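Student: After the structure tokens below, expect a handful of questions from me.
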Amino acid sequence: MRSAQPSSKLLRLVGLSAAALSFSVGLSATIAQTPPTPLPIKPDVPYVPTPQNVVDAMLKLANVKSNDVVYDLGSGDGRLVLTAVQQFGATGVGVEINPGLVQRSQASAAKLGIATRATFLQQDLFQTDFRNASVVTLYLLPKINVQLRPKLLSDLKPGSRVVSHAFGMGDWKPDRTILVNDGGRPRSIYYWVVPANVSGNWSGTMTTKAGQELPYTVQVNQAFQAVRATVKVGGQTISLPQVQLVGDRISLQQRQKFNNQDVNIQFNGKIVGNTLQGVAEIKTPTATEQYNLSAKRS
Ligand SMILES: C[S@@+](CC[C@H](N)C(=O)[O-])C[C@H]1O[C@@H](n2cnc3c(N)ncnc32)[C@H](O)[C@@H]1O
């Protein structure tokens, strides 16, 4: 996808564009005094740091904890990774194309005494293996976010969190958006939970507490975290237009009429690859029945 943009392979090899160069030149007096060294490849986004209060809000929104591995893709001077490690106790990895910024980040980590937990890699974020990340932070551009989206969805484990300063992710709608005041200027922060892939046809059995088994099939349509399903069971077809999917957790709560009776359906389950395990409760005015559900994707 990226090769179709103006930043062709050739351009990427040549070095900085004028816009990116002017951002980099402003970085510090030291950089301004030395002639700019061409970067290994052209940055997709110029360097503009996230204000510290926005950094704090991004990591708070992602609920970063000490067991998290936080990747900042395009890490600039390293502030997101340094804050995630120092203030939130996480492990962090910054990925940055500009060697001067990588050196600066590594020097800051060493000075803070956190270099073993805050790593900075000088490389292209599109070529980076970030499968062990549990949180990814971004301050890129809308187009770059959309180009990165398939890799985020395929490489991150379901339940991983993605937080982006200022820019969305095209038609992958955020699970949350907050505004942070930066000196009177509101800044948007977007938050997503990576959904499991649940689309396709599933079949399995519902088992009552008494051990009675009922076969069923489910057809699932998915657009990111928006899921709807059609269940066929016991000769009935049930439409489930609003299934909740958060990471690998799937749930629903639905009220509907069956044979003129109010029926309340509740379901909670977990997706592991091509298998689903869960518990359903079906309540009618006269009875409540619980089922253990298991299914496999065909
Ligand atoms: C807008 S700055 C954000 C810096 C930092 N994440 C922050 O929020 O303060 C974007 C950074 O991405 C880096 N960058 C641009 N294209 C890149 C690429 N393909 N791979 C890695 N880093 C890249 C730039 O050099 C720049 O430092």
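By order in the structure tokens, chains are A, B, ...; within a chain, residues start at 1; ligands start at 1, following the order shown.
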DSSP on the backbone: what in range 198-239 of chain A comes out strand (DSSP E), as a PyMOL selection string?
Tutor: chain A and resi 200-208+213-223+226-233+236-239
Student: Excluding same-chain residues fewer than 4 positions from Thr116 in chain A, what lies within 9 Å of it counting only C-alpha atoms, as a list in words?
Tutor: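 Answer for this query is Thr91, Ala109 and Ala110 of chain A.
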Student: Write the residues of the preceding selection, restricted to N, CA and C atoms, as a compact mmCIF listing (two decimals), in the first residue's frame.
Tutor:
# COMPACT_ATOMS: atom_id res chain seq x y z
N THR A 91 7.34 -1.98 30.54
CA THR A 91 8.53 -2.13 29.70
C THR A 91 8.19 -1.41 28.40
N ALA A 109 17.21 7.54 28.59
CA ALA A 109 16.92 6.30 29.34
C ALA A 109 18.09 5.98 30.28
N ALA A 110 19.31 6.15 29.77
CA ALA A 110 20.50 5.85 30.59
C ALA A 110 20.55 6.82 31.78
Student: With a distance cut-off of 12 Å and only C-alpha atoms, select the neighbouring residues of Leu156 in chain A, excluding the residue or stretch itself and same-chain residues fewer than 5 positions from it, and output the selection as an mmCIF file with C-alpha atoms, in the first residue's frame.
Tutor:
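Produced file result-v3.cif, reproduced below:
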data_model
loop_
_atom_site.group_PDB
_atom_site.id
_atom_site.type_symbol
_atom_site.label_atom_id
_atom_site.label_comp_id
_atom_site.auth_asym_id
_atom_site.auth_seq_id
_atom_site.Cartn_x
_atom_site.Cartn_y
_atom_site.Cartn_z
ATOM 1 C CA VAL A 69 4.897 -3.876 26.902
ATOM 2 C CA VAL A 70 4.404 -0.448 25.345
ATOM 3 C CA TYR A 71 5.613 0.304 21.793
ATOM 4 C CA ASP A 129 7.935 -6.838 14.645
ATOM 5 C CA PHE A 130 5.719 -5.537 17.465
ATOM 6 C CA ARG A 131 3.818 -8.762 18.123
ATOM 7 C CA ASN A 132 4.845 -8.758 21.793
ATOM 8 C CA ALA A 133 3.325 -5.303 22.412
ATOM 9 C CA SER A 134 0.293 -5.116 24.681
ATOM 10 C CA VAL A 135 -0.029 -1.342 24.109
ATOM 11 C CA VAL A 136 0.882 0.625 20.963
ATOM 12 C CA LEU A 148 -0.582 0.640 9.564
ATOM 13 C CA ARG A 149 -4.052 -0.625 10.527
ATOM 14 C CA PRO A 150 -3.869 -4.102 8.860
ATOM 15 C CA LYS A 151 -0.550 -4.795 10.597
ATOM 16 C CA ARG A 161 -4.696 -1.531 23.186
ATOM 17 C CA VAL A 162 -3.850 1.143 20.637
ATOM 18 C CA TRP A 192 -9.026 1.028 20.494
ATOM 19 C CA VAL A 193 -8.988 -2.523 21.799
ATOM 20 C CA VAL A 194 -7.777 -4.970 19.132
ATOM 21 C CA PRO A 195 -10.700 -7.310 18.433
ATOM 22 C CA ALA A 196 -10.338 -11.047 17.873
ATOM 23 C CA ASN A 197 -11.245 -12.229 14.400
ATOM 24 C CA GLY A 247 -10.542 -8.255 22.521
ATOM 25 C CA ASP A 248 -11.206 -11.992 22.797
#
Student: Neighbours of ligand 1 within 8 Å, counting only C-alpha atoms and all ligand atoms, as a PDB file with C-alpha atoms, in the first residue's frame?
Tutor:
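Contents of part_11.pdb, freshly written:
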ATOM      1  CA  ILE A  41      14.848   6.326   4.650  1.00  0.00           C
ATOM      2  CA  LYS A  42      12.436   9.193   4.395  1.00  0.00           C
ATOM      3  CA  PRO A  43      10.265   9.597   7.520  1.00  0.00           C
ATOM      4  CA  ASP A  44       6.560   9.182   6.828  1.00  0.00           C
ATOM      5  CA  VAL A  45       5.800  11.849   9.428  1.00  0.00           C
ATOM      6  CA  PRO A  46       7.891  14.835  10.589  1.00  0.00           C
ATOM      7  CA  TYR A  47       9.028  15.082  14.195  1.00  0.00           C
ATOM      8  CA  VAL A  48       6.563  16.952  16.402  1.00  0.00           C
ATOM      9  CA  PRO A  49       6.594  15.996  20.100  1.00  0.00           C
ATOM     10  CA  THR A  50       3.421  15.195  22.053  1.00  0.00           C
ATOM     11  CA  PRO A  51       3.036  17.605  25.019  1.00  0.00           C
ATOM     12  CA  VAL A  55       1.566  11.742  26.934  1.00  0.00           C
ATOM     13  CA  ASP A  72       5.688   3.871  20.510  1.00  0.00           C
ATOM     14  CA  LEU A  73       5.865   3.674  16.710  1.00  0.00           C
ATOM     15  CA  GLY A  74       7.719   6.797  15.596  1.00  0.00           C
ATOM     16  CA  SER A  75       9.036   7.507  19.074  1.00  0.00           C
ATOM     17  CA  GLY A  76      10.682  10.920  18.540  1.00  0.00           C
ATOM     18  CA  ASP A  77      12.669  11.880  21.654  1.00  0.00           C
ATOM     19  CA  GLY A  78      11.303   8.803  23.480  1.00  0.00           C
ATOM     20  CA  ARG A  79       8.955  10.604  25.859  1.00  0.00           C
ATOM     21  CA  LEU A  80       6.066   8.094  25.604  1.00  0.00           C
ATOM     22  CA  VAL A  95      10.831   2.659  17.141  1.00  0.00           C
ATOM     23  CA  GLU A  96      12.263   5.658  15.372  1.00  0.00           C
ATOM     24  CA  ILE A  97      13.742   6.220  11.928  1.00  0.00           C
ATOM     25  CA  ASN A  98      15.845   9.250  12.879  1.00  0.00           C
ATOM     26  CA  LEU A 101      16.369  11.024  18.030  1.00  0.00           C
ATOM     27  CA  GLN A 122      16.423   2.781  14.857  1.00  0.00           C
ATOM     28  CA  GLN A 123      14.209   1.258  12.198  1.00  0.00           C
ATOM     29  CA  ASP A 124      11.179   1.673   9.970  1.00  0.00           C
ATOM     30  CA  LEU A 125       7.983   1.177  11.953  1.00  0.00           C
ATOM     31  CA  PHE A 126       6.412  -0.654   8.987  1.00  0.00           C
ATOM     32  CA  THR A 137       1.039   4.411  21.009  1.00  0.00           C
ATOM     33  CA  LEU A 138       1.005   6.570  17.879  1.00  0.00           C
ATOM     34  CA  TYR A 139       1.356  10.172  16.840  1.00  0.00           C
ATOM     35  CA  LEU A 140       1.564   9.815  13.104  1.00  0.00           C
ATOM     36  CA  LEU A 141      -0.865  10.985  10.405  1.00  0.00           C
ATOM     37  CA  HIS A 165      -2.723  11.281  19.566  1.00  0.00           C
TER      38      HIS A 165
END
Student: Determine, counting only C-alpha atoms, which protein, DNA and RNA residues have an atom within 7 Å of an atom of Ala118 in chain A; residues of the same chain fewer than 3 positions away are not included. Present the result as a ChimeraX atom specification.
Tutor: /A:81-82,85,91-93,109,114-115
Student: Those selected residues, please, written with C-alpha atoms and delivered as a PDB file, in the first residue's frame.
Tutor:
ATOM      1  CA  VAL A  81       8.313   5.109  26.255  1.00  0.00           C
ATOM      2  CA  LEU A  82      10.293   6.880  28.993  1.00  0.00           C
ATOM      3  CA  VAL A  85       8.579   2.888  32.010  1.00  0.00           C
ATOM      4  CA  THR A  91       8.529  -2.135  29.700  1.00  0.00           C
ATOM      5  CA  GLY A  92       8.858   0.059  26.620  1.00  0.00           C
ATOM      6  CA  VAL A  93      10.193  -0.013  23.090  1.00  0.00           C
ATOM      7  CA  ALA A 109      16.916   6.305  29.336  1.00  0.00           C
ATOM      8  CA  ILE A 114      15.891   2.715  33.016  1.00  0.00           C
ATOM      9  CA  ALA A 115      17.861   1.641  29.926  1.00  0.00           C
TER      10      ALA A 115
END
